[in-house]
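Everything below concerns the one structure shown next.
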Amino acid sequence: MTITQSAEPVTYERLARVAGRPGRWRPIIGTFVLLGLYVVGVVLVFGQFELMGAVLDLPKDADGARVFNDLTETALALASIAIGLPALALTMWWFQRRTWGSVTSVTGRLRLSWLGRCFVVAGLVFGLTMAAAAGIPEADATTDGSWVGWAPFAVGLVMLVCLVPLQAAAEEFIFRGWLLQAAGSLFRRPVLILVPQALLFAAGHGWGTVWGFVDLTVFGVVMGWLTLRTGGIEAAIASHVTNNLVMFVMSSAYTGGLAVDETAADMPWQYAVVDMACIVLFGVLILRLAKRYEVKTAARSSWG
């Protein structure tokens, strides 16, 4: 993968203009191509599950869809998001002749050592978030709190470890990767680059509470800002994977935990305030760490 010759260093958000087939319009039109491919992918995923349900002669719900157990339904939901990864890969190759390198970081690759450091920070901050949220009283009980059992928990753990990182990474590659760079191909002002992808990210989780929407928007803005300031999406991936994986694993430990339909979009204000404070803390710590390790934030005329 190469970048067209440039006299100035190319920052992450500008890579879509110079990587592969250059052109300001390609990332924009490519976004609609990506959306179309994603819809096709989702239909295929749901179609495979429906076929499996028909073979197993599972019952149908009021809408005519096959009814699976909670674990399988969760796997379906995660897979339907993870399908965004191949959809994005096909869009980048087909529409712009780009590879993962140009949407991963300014070095043209996933910086594993930096990713590992980001995971450490994400784990520490998430632990702090959980500790702070522990003092907030529950509005209502969503499960009976009974242990699901070692065998079901082990099966669920394997499924979650396999699918949650793909689901979270898919969202980051699309929102903090492709969409952020698409906006960066048109605009230079950070607010015009960061806000659109953050709002779309929040809207993609559905409408629950105002505080839930604000929390998701703040997450999108902070993760986008870290992506710009560190030259890659490693920090965003680490935060997203850590949050989702721990929450899903905790839910899977209790009977009926995975059947709960609530998401971050349904977050009450108490949790949102704690979560947003910890998101900002994560951003501050990552920026300090990036400065300490001199993380590369711009690319030259070619990948190193």
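Letters for chains follow the order of the structure tokens (A, B, ...), residue numbers begin at 1 for each chain, and ligand numbers begin at 1 in the order shown.
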
Neighbour list for stretch 145-147 of chain A as a list of chain:residue names, cut-off 9 Å, only C-alpha atoms, skip fewer than 5 positions in-chain: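 Result of the neighbour search: A:Phe153, A:Ala253, A:Tyr254, A:Thr255, A:Gly256, A:Gly257.
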
Shell of 10 Å around A:Gly53, only C-alpha atoms, local chain residues under 5 positions omitted, as an NGL selection string: :A and (47-48 or 58-60 or 65-68)

Residues of stretch 127-275 of chain A in helix (DSSP H, G or I), written as a ChimeraX atom specification: /A:127-133,150-184,190-204,210-230,234-252,257-259,264-266,269-275

Computed interatomic separation between atom CA of A:Gly204 and atom CA of A:Pro165 (Å):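 Distance reported for this atom pair: 18.0 Å.
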
Using only C-alpha atoms, which residues sit within 9 Å of stretch 23-39 of chain A once same-chain residues fewer than 4 positions away are excluded, as a JSON list (two decimals) with C-alpha atoms, in the first residue's frame?
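Saved result, selection-v5.json, follows:
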```json
[["chain", "number", "residue", "atom", "x", "y", "z"],
["A", 16, "ALA", "CA", -8.45, 8.97, 2.45],
["A", 17, "ARG", "CA", -7.46, 11.77, 0.06],
["A", 18, "VAL", "CA", -4.03, 10.38, -0.72],
["A", 43, "VAL", "CA", -29.43, -9.95, 5.35],
["A", 44, "LEU", "CA", -27.09, -12.87, 4.67],
["A", 80, "SER", "CA", -24.73, -8.68, 12.38],
["A", 81, "ILE", "CA", -22.42, -5.83, 13.45],
["A", 83, "ILE", "CA", -20.18, -8.19, 9.24],
["A", 84, "GLY", "CA", -19.23, -4.53, 8.83],
["A", 85, "LEU", "CA", -15.56, -5.57, 8.73],
["A", 86, "PRO", "CA", -15.70, -7.52, 5.45],
["A", 87, "ALA", "CA", -18.12, -4.92, 4.07],
["A", 88, "LEU", "CA", -15.58, -2.19, 4.81],
["A", 90, "LEU", "CA", -14.55, -4.80, 0.18],
["A", 91, "THR", "CA", -15.50, -1.12, -0.07],
["A", 92, "MET", "CA", -11.92, 0.06, 0.46],
["A", 95, "PHE", "CA", -13.92, 1.63, -4.55],
["A", 96, "GLN", "CA", -10.59, 3.15, -3.64],
["A", 178, "TRP", "CA", -13.82, 5.31, 7.44],
["A", 179, "LEU", "CA", -16.37, 7.98, 8.41],
["A", 181, "GLN", "CA", -11.52, 10.03, 7.22],
["A", 182, "ALA", "CA", -14.43, 10.70, 4.86],
["A", 183, "ALA", "CA", -15.18, 13.91, 6.78],
["A", 185, "SER", "CA", -11.30, 14.48, 3.09],
["A", 186, "LEU", "CA", -13.69, 17.45, 2.93]]
```

Tell me which protein, DNA and RNA residues are within 8 Å of A:Ala202, counting only C-alpha atoms, leaving out same-chain ones fewer than 4 positions away, and put them as a PDB file with C-alpha atoms, in the first residue's frame.
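Output below, filename part10.pdb:
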```pdb
ATOM      1  CA  ALA A 198     -19.983  10.803  16.808  1.00  0.00           C
ATOM      2  CA  GLY A 206     -31.021   3.665  18.869  1.00  0.00           C
ATOM      3  CA  PHE A 213     -27.433   9.629  23.574  1.00  0.00           C
ATOM      4  CA  VAL A 214     -25.175  12.306  25.071  1.00  0.00           C
ATOM      5  CA  LEU A 216     -22.509   7.845  23.297  1.00  0.00           C
ATOM      6  CA  THR A 217     -21.844  11.124  21.516  1.00  0.00           C
ATOM      7  CA  GLY A 220     -17.564   9.151  19.804  1.00  0.00           C
ATOM      8  CA  ALA A 265     -28.490   4.262  24.741  1.00  0.00           C
TER       9      ALA A 265
END
```

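Around A:Val218, within 8 Å and counting only C-alpha atoms, the residues found are Ala198, Val214, Asp215, Val221, Val222, Met276 and Ile279 of chain A, once anything fewer than 3 positions away on its own chain is removed.
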
Nearby residues (only C-alpha atoms) at most 9 Å from A:Thr227, same-chain spacing under 5 positions excluded, as a list in words: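 In the requested form, the answer reads Tyr12, Glu13, Ser105, Arg176, Gly177, Val222, Gly232, Ile233, Glu234, Ala235 and Ala236 of chain A.
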
File of the preceding selection, N, CA and C atoms, as a PDB file, in the first residue's frame:
```pdb
ATOM      1  N   TYR A  12      -3.803  11.504  10.027  1.00  0.00           N
ATOM      2  CA  TYR A  12      -4.717  10.369   9.881  1.00  0.00           C
ATOM      3  C   TYR A  12      -5.986  10.726   9.110  1.00  0.00           C
ATOM      4  N   GLU A  13      -6.613  11.843   9.461  1.00  0.00           N
ATOM      5  CA  GLU A  13      -7.900  12.173   8.858  1.00  0.00           C
ATOM      6  C   GLU A  13      -7.796  12.530   7.382  1.00  0.00           C
ATOM      7  N   SER A 105      -3.839   3.072  10.902  1.00  0.00           N
ATOM      8  CA  SER A 105      -2.974   4.085  11.509  1.00  0.00           C
ATOM      9  C   SER A 105      -2.117   4.724  10.430  1.00  0.00           C
ATOM     10  N   ARG A 176     -14.766   5.614  13.594  1.00  0.00           N
ATOM     11  CA  ARG A 176     -13.524   6.359  13.825  1.00  0.00           C
ATOM     12  C   ARG A 176     -12.526   6.162  12.698  1.00  0.00           C
ATOM     13  N   GLY A 177     -12.786   5.218  11.826  1.00  0.00           N
ATOM     14  CA  GLY A 177     -11.920   4.982  10.690  1.00  0.00           C
ATOM     15  C   GLY A 177     -12.467   5.607   9.420  1.00  0.00           C
ATOM     16  N   VAL A 222     -14.606  11.821  21.897  1.00  0.00           N
ATOM     17  CA  VAL A 222     -13.320  11.570  22.561  1.00  0.00           C
ATOM     18  C   VAL A 222     -12.508  10.524  21.810  1.00  0.00           C
ATOM     19  N   GLY A 232      -4.088   6.899  14.847  1.00  0.00           N
ATOM     20  CA  GLY A 232      -4.618   5.563  14.604  1.00  0.00           C
ATOM     21  C   GLY A 232      -5.783   5.256  15.524  1.00  0.00           C
ATOM     22  N   ILE A 233      -6.451   4.124  15.287  1.00  0.00           N
ATOM     23  CA  ILE A 233      -7.659   3.807  16.040  1.00  0.00           C
ATOM     24  C   ILE A 233      -7.414   2.798  17.156  1.00  0.00           C
ATOM     25  N   GLU A 234      -6.148   2.570  17.510  1.00  0.00           N
ATOM     26  CA  GLU A 234      -5.852   1.583  18.549  1.00  0.00           C
ATOM     27  C   GLU A 234      -6.507   1.923  19.891  1.00  0.00           C
ATOM     28  N   ALA A 235      -6.425   3.186  20.309  1.00  0.00           N
ATOM     29  CA  ALA A 235      -6.998   3.575  21.600  1.00  0.00           C
ATOM     30  C   ALA A 235      -8.508   3.379  21.600  1.00  0.00           C
ATOM     31  N   ALA A 236      -9.161   3.736  20.519  1.00  0.00           N
ATOM     32  CA  ALA A 236     -10.611   3.586  20.427  1.00  0.00           C
ATOM     33  C   ALA A 236     -11.009   2.112  20.468  1.00  0.00           C
TER      34      ALA A 236
END
```
